[in-house]
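Asker: Enclosed is the structure file start_15.cif (mmCIF, C-alpha atoms).
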```cif
data_entry
loop_
_atom_site.label_atom_id
_atom_site.label_comp_id
_atom_site.auth_asym_id
_atom_site.auth_seq_id
_atom_site.Cartn_x
_atom_site.Cartn_y
_atom_site.Cartn_z
CA MET C 1067 100.73 5.16 22.51
CA ASP C 1068 101.34 1.88 24.37
CA MET C 1069 97.67 1.82 25.40
CA LEU C 1070 96.60 2.10 21.76
CA ARG C 1071 98.96 -0.70 20.80
CA ASP C 1072 97.35 -2.86 23.47
CA ILE C 1073 93.89 -2.16 22.00
CA CYS C 1074 94.81 -2.44 18.31
CA SER C 1075 96.39 -5.76 17.35
CA GLY C 1076 96.73 -4.75 13.70
CA GLU C 1077 99.08 -1.85 12.97
CA VAL C 1078 99.81 1.41 14.80
CA LEU C 1079 101.76 3.77 12.54
CA GLN C 1080 103.11 7.27 13.14
CA GLY C 1081 104.01 9.94 10.57
CA VAL C 1082 102.28 8.30 7.63
CA ASP C 1083 102.58 9.98 4.21
CA LEU C 1084 98.94 10.13 3.09
CA SER C 1085 99.95 10.37 -0.57
CA ARG C 1086 101.20 6.79 -0.24
CA ILE C 1087 97.85 5.40 0.95
CA SER C 1088 95.54 7.80 -0.91
CA HIS C 1089 93.96 6.45 -4.10
CA TRP C 1090 94.50 9.93 -5.55
CA ARG C 1091 98.12 9.89 -4.32
CA ILE C 1092 97.52 13.26 -2.67
CA GLY C 1093 97.82 14.48 0.91
CA GLY C 1094 100.17 15.62 3.63
CA ARG C 1095 101.33 13.59 6.61
CA ALA C 1096 99.05 11.81 9.10
CA GLU C 1097 100.23 11.90 12.69
CA LEU C 1098 98.75 8.49 13.61
CA VAL C 1099 97.12 5.65 11.64
CA LEU C 1100 95.53 2.65 13.42
CA ARG C 1101 94.52 -0.53 11.59
CA PRO C 1102 92.26 -2.68 13.81
CA SER C 1103 91.54 -6.34 13.07
CA SER C 1104 87.97 -6.72 14.40
CA THR C 1105 84.73 -4.98 15.28
CA ALA C 1106 85.66 -5.35 18.95
CA GLU C 1107 88.91 -3.45 18.38
CA VAL C 1108 87.13 -0.68 16.44
CA ALA C 1109 84.67 -0.38 19.34
CA ALA C 1110 87.48 -0.27 21.90
CA LEU C 1111 89.35 2.42 19.94
CA ARG C 1112 86.27 4.61 19.52
CA ARG C 1113 85.43 4.18 23.21
CA TRP C 1114 88.98 5.20 24.14
CA PHE C 1115 88.77 8.34 21.99
CA TYR C 1116 85.27 9.21 23.26
CA GLN C 1117 86.27 8.94 26.91
CA ARG C 1118 89.11 11.38 26.26
CA GLY C 1119 87.11 13.76 24.06
CA MET C 1120 89.46 13.15 21.11
CA ALA C 1121 88.38 13.70 17.53
CA HIS C 1122 89.38 11.00 15.05
CA LEU C 1123 88.82 9.99 11.43
CA VAL C 1124 87.83 6.67 9.86
CA ILE C 1125 88.89 5.71 6.33
CA GLY C 1126 88.87 2.65 4.09
CA LYS C 1127 90.60 2.31 0.73
CA THR C 1128 90.29 6.12 0.22
CA THR C 1129 88.89 5.72 -3.30
CA ASN C 1130 86.68 8.81 -3.02
CA VAL C 1131 88.75 10.84 -0.55
CA LEU C 1132 90.84 13.98 -1.07
CA PHE C 1133 93.18 14.62 1.87
CA ALA C 1134 94.25 18.16 2.72
CA ASP C 1135 97.74 19.25 1.71
CA GLU C 1136 98.33 20.19 5.36
CA GLY C 1137 97.98 16.55 6.40
CA LEU C 1138 95.90 15.02 9.17
CA HIS C 1139 96.32 16.11 12.79
CA VAL C 1140 93.89 13.68 14.45
CA PRO C 1141 94.16 9.88 14.86
CA CYS C 1142 92.99 7.91 11.85
CA ILE C 1143 91.37 4.45 11.98
CA GLN C 1144 91.82 2.65 8.67
CA ILE C 1145 89.59 -0.35 7.94
CA GLY C 1146 91.44 -2.52 5.46
CA ALA C 1147 93.19 -5.81 4.78
CA VAL C 1148 93.71 -6.71 8.45
CA MET C 1149 89.94 -6.66 8.85
CA SER C 1150 88.72 -8.62 5.82
CA LYS C 1151 87.27 -11.96 6.87
CA LEU C 1152 84.73 -13.40 4.41
CA SER C 1153 82.52 -16.49 4.56
CA ILE C 1154 79.58 -17.88 2.58
CA GLU C 1155 76.82 -20.16 3.84
CA HIS C 1156 73.74 -21.13 1.79
CA GLY C 1157 73.93 -18.02 -0.38
CA GLU C 1158 74.43 -15.67 2.56
CA VAL C 1159 77.69 -13.76 2.69
CA PHE C 1160 79.25 -12.60 5.95
CA ALA C 1161 82.01 -10.07 5.35
CA ASP C 1162 84.15 -7.63 7.31
CA ALA C 1163 84.15 -4.02 6.15
CA GLY C 1164 87.78 -4.23 5.03
CA VAL C 1165 87.01 -6.76 2.27
CA TRP C 1166 88.22 -5.50 -1.10
CA VAL C 1167 85.17 -5.07 -3.34
CA PRO C 1168 86.60 -6.60 -6.57
CA GLY C 1169 87.75 -9.56 -4.47
CA LEU C 1170 84.23 -9.97 -3.10
CA SER C 1171 82.83 -9.95 -6.64
CA ARG C 1172 85.30 -12.63 -7.74
CA THR C 1173 84.57 -14.79 -4.67
CA LEU C 1174 80.85 -14.62 -5.44
CA MET C 1175 81.53 -15.72 -9.02
CA LEU C 1176 83.70 -18.65 -7.90
CA ASN C 1177 80.88 -19.75 -5.57
CA GLY C 1178 78.27 -19.56 -8.32
CA LEU C 1179 76.43 -16.57 -6.85
CA THR C 1180 75.02 -13.84 -9.06
CA GLY C 1181 74.20 -10.22 -8.23
CA GLY C 1182 77.72 -8.98 -7.54
CA GLU C 1183 78.94 -8.75 -11.13
CA HIS C 1184 78.51 -4.96 -11.16
CA LEU C 1185 80.98 -4.66 -8.26
CA CYS C 1186 83.96 -6.22 -10.04
CA GLY C 1187 85.55 -2.93 -11.12
CA ILE C 1188 84.85 -0.81 -8.03
CA PRO C 1189 88.24 -0.34 -6.31
CA GLY C 1190 87.25 0.15 -2.69
CA THR C 1191 86.45 -1.64 0.54
CA LEU C 1192 83.05 -3.04 1.48
CA GLY C 1193 82.52 -0.59 4.33
CA GLY C 1194 82.83 2.39 2.01
CA LEU C 1195 80.61 0.68 -0.57
CA ILE C 1196 77.88 0.21 2.04
CA CYS C 1197 78.21 3.76 3.32
CA MET C 1198 77.82 5.19 -0.21
CA ASN C 1199 75.36 2.48 -1.32
CA GLY C 1200 77.77 2.11 -4.21
CA GLY C 1201 77.47 0.08 -7.37
CA SER C 1202 77.44 0.46 -11.13
CA ASN C 1203 75.25 -0.23 -14.17
CA SER C 1204 72.24 1.27 -12.35
CA ARG C 1205 72.64 -1.19 -9.45
CA SER C 1206 73.55 -0.65 -5.79
CA ILE C 1207 74.83 -2.92 -3.04
CA GLY C 1208 71.91 -2.01 -0.75
CA GLY C 1209 69.66 -4.40 -2.65
CA ASN C 1210 71.74 -7.35 -1.41
CA VAL C 1211 72.09 -6.30 2.23
CA ILE C 1212 70.39 -8.28 5.00
CA SER C 1213 71.98 -6.45 7.94
CA VAL C 1214 74.89 -4.16 8.78
CA GLU C 1215 77.03 -4.05 11.90
CA SER C 1216 78.54 -0.72 12.88
CA VAL C 1217 80.20 1.09 15.78
CA ASP C 1218 78.92 4.45 17.00
CA SER C 1219 80.99 7.38 18.26
CA ARG C 1220 80.85 6.14 21.87
CA GLY C 1221 82.15 2.70 20.97
CA SER C 1222 78.84 0.82 21.10
CA ILE C 1223 78.18 -1.91 18.52
CA VAL C 1224 74.94 -1.42 16.54
CA GLU C 1225 73.17 -3.80 14.16
CA ARG C 1226 70.54 -2.70 11.62
CA ASP C 1227 68.51 -4.56 9.04
CA ALA C 1228 68.49 -3.29 5.46
CA LYS C 1229 65.38 -1.12 5.89
CA GLU C 1230 66.92 0.66 8.87
CA CYS C 1231 70.03 1.50 6.82
CA GLY C 1232 68.10 4.07 4.76
CA PHE C 1233 69.59 3.09 1.43
CA GLY C 1234 68.94 5.54 -1.41
CA TYR C 1235 70.77 6.52 -4.58
CA ARG C 1236 74.42 6.60 -3.48
CA SER C 1237 73.34 7.29 0.08
CA SER C 1238 72.70 5.60 3.42
CA ILE C 1239 72.20 6.46 7.06
CA TYR C 1240 75.93 5.94 7.62
CA GLN C 1241 76.74 9.15 5.76
CA MET C 1242 74.97 11.11 8.51
CA ASN C 1243 75.23 9.23 11.83
CA ASP C 1244 78.99 9.07 12.45
CA GLU C 1245 78.96 5.29 12.73
CA ILE C 1246 81.65 3.04 11.27
CA VAL C 1247 80.49 0.08 9.22
CA THR C 1248 82.44 -2.95 10.45
CA ALA C 1249 80.65 -6.01 9.00
CA VAL C 1250 77.84 -6.86 6.58
CA ARG C 1251 75.50 -9.79 5.99
CA MET C 1252 74.27 -10.08 2.38
CA ARG C 1253 72.26 -12.41 0.18
CA PHE C 1254 73.00 -13.33 -3.44
CA LEU C 1255 71.19 -15.71 -5.77
CA PRO C 1256 72.51 -18.92 -7.39
CA GLY C 1257 73.87 -18.47 -10.89
CA VAL C 1258 76.08 -20.10 -13.50
CA CYS C 1259 79.75 -19.41 -12.83
CA SER C 1260 80.73 -19.19 -16.52
CA ALA C 1261 77.92 -16.74 -17.33
CA ILE C 1262 78.77 -14.59 -14.30
CA ARG C 1263 82.41 -14.50 -15.38
CA ILE C 1264 81.48 -13.36 -18.89
CA GLU C 1265 79.44 -10.46 -17.47
CA MET C 1266 82.33 -9.44 -15.22
CA LEU C 1267 84.81 -9.50 -18.10
CA LYS C 1268 82.47 -7.34 -20.18
CA ASP C 1269 82.18 -4.85 -17.34
CA LEU C 1270 85.94 -4.70 -16.81
CA GLU C 1271 86.59 -4.23 -20.54
CA ASN C 1272 84.00 -1.44 -20.66
CA ARG C 1273 85.71 0.28 -17.74
CA ARG C 1274 89.15 -0.02 -19.37
CA ARG C 1275 87.75 1.51 -22.55
CA LYS C 1276 85.91 4.42 -20.88
CA PHE C 1277 87.89 5.33 -17.78
CA PRO C 1278 91.52 6.42 -17.06
CA LEU C 1279 92.34 3.48 -14.81
CA LYS C 1280 96.14 3.75 -15.06
CA GLU C 1281 96.36 7.18 -13.41
CA PRO C 1282 95.57 8.03 -9.77
CA SER C 1283 92.05 9.43 -9.35
CA CYS C 1284 88.95 9.08 -7.18
CA GLY C 1285 86.73 7.88 -10.01
CA SER C 1286 83.79 10.10 -10.92
CA VAL C 1287 84.25 13.49 -9.26
CA PHE C 1288 80.67 14.75 -9.60
CA LYS C 1289 77.39 12.94 -9.00
CA SER C 1290 74.73 12.67 -11.64
CA SER C 1291 71.18 13.75 -10.84
CA PRO C 1292 67.86 13.05 -12.54
CA GLY C 1293 67.42 16.72 -13.43
CA ILE C 1294 70.72 17.43 -15.13
CA TYR C 1295 70.74 13.98 -16.73
CA ALA C 1296 67.31 14.51 -18.29
CA ASP C 1297 68.03 18.06 -19.48
CA PHE C 1298 71.70 17.92 -20.47
CA GLY C 1299 73.06 14.39 -20.03
CA PRO C 1300 75.53 12.86 -17.56
CA PRO C 1301 78.05 15.18 -15.84
CA GLY C 1302 80.97 13.86 -17.88
CA ALA C 1303 79.25 14.77 -21.16
CA VAL C 1304 78.31 18.23 -19.88
CA ILE C 1305 81.86 18.90 -18.67
CA GLU C 1306 83.30 17.68 -21.97
CA ARG C 1307 81.02 19.95 -24.02
CA LEU C 1308 82.28 22.90 -21.99
CA GLY C 1309 85.83 22.12 -23.13
CA PHE C 1310 87.40 20.98 -19.87
CA LYS C 1311 89.05 17.77 -21.12
CA GLY C 1312 92.81 18.11 -20.67
CA MET C 1313 92.60 21.20 -18.40
CA ARG C 1314 95.55 21.29 -15.99
CA VAL C 1315 96.25 23.01 -12.71
CA GLY C 1316 99.60 22.05 -11.24
CA GLY C 1317 99.84 18.26 -11.29
CA ALA C 1318 96.08 17.73 -11.62
CA MET C 1319 94.29 17.30 -14.95
CA VAL C 1320 90.79 16.67 -16.26
CA SER C 1321 91.24 13.32 -17.97
CA PRO C 1322 91.26 13.44 -21.78
CA LYS C 1323 89.58 10.03 -21.62
CA HIS C 1324 86.63 10.93 -19.35
CA ALA C 1325 85.79 14.50 -18.32
CA ASN C 1326 84.31 13.51 -14.93
CA PHE C 1327 87.70 12.19 -13.79
CA ILE C 1328 90.44 14.42 -12.40
CA VAL C 1329 93.74 12.54 -12.48
CA ASN C 1330 97.05 13.08 -10.73
CA THR C 1331 99.71 13.38 -13.42
CA GLY C 1332 102.43 13.60 -10.76
CA ARG C 1333 102.78 15.64 -7.55
CA ALA C 1334 99.25 17.05 -7.69
CA LYS C 1335 98.07 18.95 -4.62
CA ALA C 1336 94.60 18.98 -3.12
CA ALA C 1337 94.50 22.70 -3.91
CA ASP C 1338 95.04 21.88 -7.62
CA VAL C 1339 92.11 19.45 -7.65
CA LEU C 1340 89.82 21.84 -5.81
CA GLU C 1341 90.65 24.67 -8.22
CA ILE C 1342 89.70 22.51 -11.21
CA MET C 1343 86.52 21.35 -9.47
CA LYS C 1344 85.49 24.95 -8.77
CA SER C 1345 86.10 25.99 -12.39
CA ILE C 1346 83.99 23.08 -13.64
CA ARG C 1347 81.19 23.63 -11.13
CA ASP C 1348 80.96 27.35 -11.86
CA ALA C 1349 80.94 26.79 -15.63
CA VAL C 1350 78.30 24.05 -15.47
CA TYR C 1351 76.09 26.21 -13.29
CA ALA C 1352 76.42 29.19 -15.63
CA GLN C 1353 75.55 26.99 -18.61
CA THR C 1354 72.81 24.79 -17.16
CA GLY C 1355 71.56 26.29 -13.89
CA TYR C 1356 72.49 23.06 -12.07
CA LEU C 1357 75.04 23.02 -9.25
CA LEU C 1358 77.00 19.79 -9.46
CA GLU C 1359 77.39 17.88 -6.20
CA ALA C 1360 80.72 16.15 -5.62
CA GLU C 1361 81.02 12.42 -5.07
CA ALA C 1362 84.53 13.06 -3.76
CA ARG C 1363 84.94 13.79 -0.05
CA TYR C 1364 87.45 16.32 1.30
CA VAL C 1365 89.20 15.56 4.60
CA THR C 1366 90.32 18.58 6.61
CA PRO C 1367 93.45 18.53 8.79
CA GLY C 1368 91.09 18.30 11.79
CA GLY C 1369 89.51 15.12 10.42
CA LYS C 1370 86.19 16.53 9.21
CA VAL C 1371 84.87 14.73 6.10
CA LEU C 1372 82.98 17.09 3.80
CA PRO C 1373 81.56 16.90 0.29
CA ALA C 1374 84.35 18.40 -1.80
CA SER C 1375 81.82 20.74 -3.42
CA SER C 1376 81.23 22.38 -0.01
CA VAL C 1377 84.80 23.70 0.20
CA LEU C 1378 85.06 25.10 -3.33
#
```
Would you mind writing the structure in this file as structure tokens?
Answerer:
Amino acid sequence: MDMLRDICSGEVLQGVDLSRISHWRIGGRAELVLRPSSTAEVAALRRWFYQRGMAHLVIGKTTNVLFADEGLHVPCIQIGAVMSKLSIEHGEVFADAGVWVPGLSRTLMLNGLTGGEHLCGIPGTLGGLICMNGGSNSRSIGGNVISVESVDSRGSIVERDAKECGFGYRSSIYQMNDEIVTAVRMRFLPGVCSAIRIEMLKDLENRRRKFPLKEPSCGSVFKSSPGIYADFGPPGAVIERLGFKGMRVGGAMVSPKHANFIVNTGRAKAADVLEIMKSIRDAVYAQTGYLLEAEARYVTPGGKVLPASSVL
């Protein structure tokens, strides 16, 4: 433990209640959580684990993560506030992966840069946003990326330009290569601060009207796809038509406000959420012939990160 404290200048925490750091407020206890403050520290930690053959997990703000009720039995590296440096030069933005996405959007607005308005209501960290090629209003962050810095499983630092990142709809190479995004270089265009602010306020008001933002959730549970969207509409509409709004299992509930959100009404378990997800997925398949794919990721006690739909 002392060796890890020497490597990690941020925080080294033992026996962490995952329901306290989970955006869903669900999960057992993590044996060890490490919060590094730089790419160099992430590289040193991964190198240390690799040399000892130790499995480990990497998380950010956990906005699309469902932790197992049994907890987490491998070390966990969390990229967050202690790793969130941000600077802007001539329209180029240099940011650590722990930067909070709504904060990035606001900083862009204050600097008169447009293109980040759609990010203002996405409650995660930049590293997770890059990994998922996240965004809203039919936009994705990949369109602004110049290059991405990451750390591979052996602790080597890698840099890729945007083309090498393999950005697609809600996807990137980082979902498949076991690398940790640690920093990003992006480009945004000049804009008018007041106009940018108006767009952001509209987006935030739209989110407040449509989504259950006051209750713990992971946002949209299921991905949309061109096929199901063209034939039946977005997943939320399909799920609503099948009568799932308000369905409860234990402390978990399909939101009465938006059917593609499963909220924690208090003391929900991962098993409760997965049971609801399975019921929805089975019913949608029986009705439409489409198998919904989960946006949410399930984390096993051994630290494996899987699409939640794969464990239903």
Asker: Taking all atoms listed in the file into account, name the residue in C:Ala1121, C:Leu1138, C:Gly1369, C:Arg1112 that is nearest to Leu1084 in chain C.
Answerer: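 Smallest distance to Leu1084 in chain C is found for C:Leu1138.
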Asker: Using only C-alpha atoms, determine which residues lie at most 9 Å from Arg1236 in chain C, disregarding the query and same-chain residues fewer than 2 positions distant; provide the list as a count of residues only.
Answerer: 11
Asker: Check what the PyMOL selection byres ((chain C and resi 1246) around 8) selects in the file above and give those residues as a ChimeraX atom specification.
Answerer: /C:1124,1193,1216-1218,1240,1244-1245,1247-1248
Asker: Per residue of range 1167-1216 of chain C within 12 Å of range 1147-1161 of chain C, which atom pair is closest and at what distance in Å (one decimal), using only C-alpha atoms, listed by chain and increasing number, as a tab-separated table?
Answerer:
```
residue	atom	partner	partner_atom	distance
C:Val1167	CA	C:Ser1150	CA	10.4
C:Gly1169	CA	C:Leu1152	CA	10.1
C:Leu1170	CA	C:Leu1152	CA	8.3
C:Ser1171	CA	C:Val1159	CA	11.3
C:Thr1173	CA	C:Leu1152	CA	9.2
C:Leu1174	CA	C:Ile1154	CA	8.7
C:Met1175	CA	C:Gly1157	CA	11.7
C:Leu1176	CA	C:Ile1154	CA	11.3
C:Asn1177	CA	C:Ile1154	CA	8.5
C:Gly1178	CA	C:Gly1157	CA	9.2
C:Leu1179	CA	C:Gly1157	CA	7.1
C:Thr1180	CA	C:Gly1157	CA	9.7
C:Gly1181	CA	C:Gly1157	CA	11.1
C:Gly1182	CA	C:Val1159	CA	11.3
C:Gly1190	CA	C:Ala1147	CA	11.3
C:Thr1191	CA	C:Ala1147	CA	9.0
C:Leu1192	CA	C:Ala1161	CA	8.1
C:Gly1193	CA	C:Ala1161	CA	9.5
C:Ile1196	CA	C:Ala1161	CA	11.6
C:Asn1210	CA	C:Glu1158	CA	9.6
C:Val1211	CA	C:Val1159	CA	9.3
C:Ile1212	CA	C:Glu1158	CA	8.8
C:Ser1213	CA	C:Phe1160	CA	9.7
C:Val1214	CA	C:Ala1161	CA	9.9
C:Glu1215	CA	C:Ala1161	CA	10.2
```
Asker: Residue by residue, what does the PyMOL selection byres ((chain C and resi 1285) around 12) grab here? Present the result as a CSV table (one decimal) with C-alpha atoms, in the frame of the given file.
Answerer:
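Output below, filename out-v6.csv:
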```csv
chain,number,residue,atom,x,y,z
C,1089,HIS,CA,94.0,6.4,-4.1
C,1090,TRP,CA,94.5,9.9,-5.6
C,1128,THR,CA,90.3,6.1,0.2
C,1129,THR,CA,88.9,5.7,-3.3
C,1130,ASN,CA,86.7,8.8,-3.0
C,1131,VAL,CA,88.8,10.8,-0.6
C,1132,LEU,CA,90.8,14.0,-1.1
C,1187,GLY,CA,85.6,-2.9,-11.1
C,1188,ILE,CA,84.8,-0.8,-8.0
C,1189,PRO,CA,88.2,-0.3,-6.3
C,1190,GLY,CA,87.2,0.2,-2.7
C,1202,SER,CA,77.4,0.5,-11.1
C,1273,ARG,CA,85.7,0.3,-17.7
C,1276,LYS,CA,85.9,4.4,-20.9
C,1277,PHE,CA,87.9,5.3,-17.8
C,1278,PRO,CA,91.5,6.4,-17.1
C,1279,LEU,CA,92.3,3.5,-14.8
C,1280,LYS,CA,96.1,3.8,-15.1
C,1281,GLU,CA,96.4,7.2,-13.4
C,1282,PRO,CA,95.6,8.0,-9.8
C,1283,SER,CA,92.0,9.4,-9.4
C,1284,CYS,CA,89.0,9.1,-7.2
C,1286,SER,CA,83.8,10.1,-10.9
C,1287,VAL,CA,84.2,13.5,-9.3
C,1288,PHE,CA,80.7,14.8,-9.6
C,1289,LYS,CA,77.4,12.9,-9.0
C,1302,GLY,CA,81.0,13.9,-17.9
C,1320,VAL,CA,90.8,16.7,-16.3
C,1321,SER,CA,91.2,13.3,-18.0
C,1324,HIS,CA,86.6,10.9,-19.4
C,1325,ALA,CA,85.8,14.5,-18.3
C,1326,ASN,CA,84.3,13.5,-14.9
C,1327,PHE,CA,87.7,12.2,-13.8
C,1328,ILE,CA,90.4,14.4,-12.4
C,1329,VAL,CA,93.7,12.5,-12.5
C,1330,ASN,CA,97.0,13.1,-10.7
C,1360,ALA,CA,80.7,16.2,-5.6
C,1361,GLU,CA,81.0,12.4,-5.1
C,1362,ALA,CA,84.5,13.1,-3.8
C,1363,ARG,CA,84.9,13.8,0.0
```
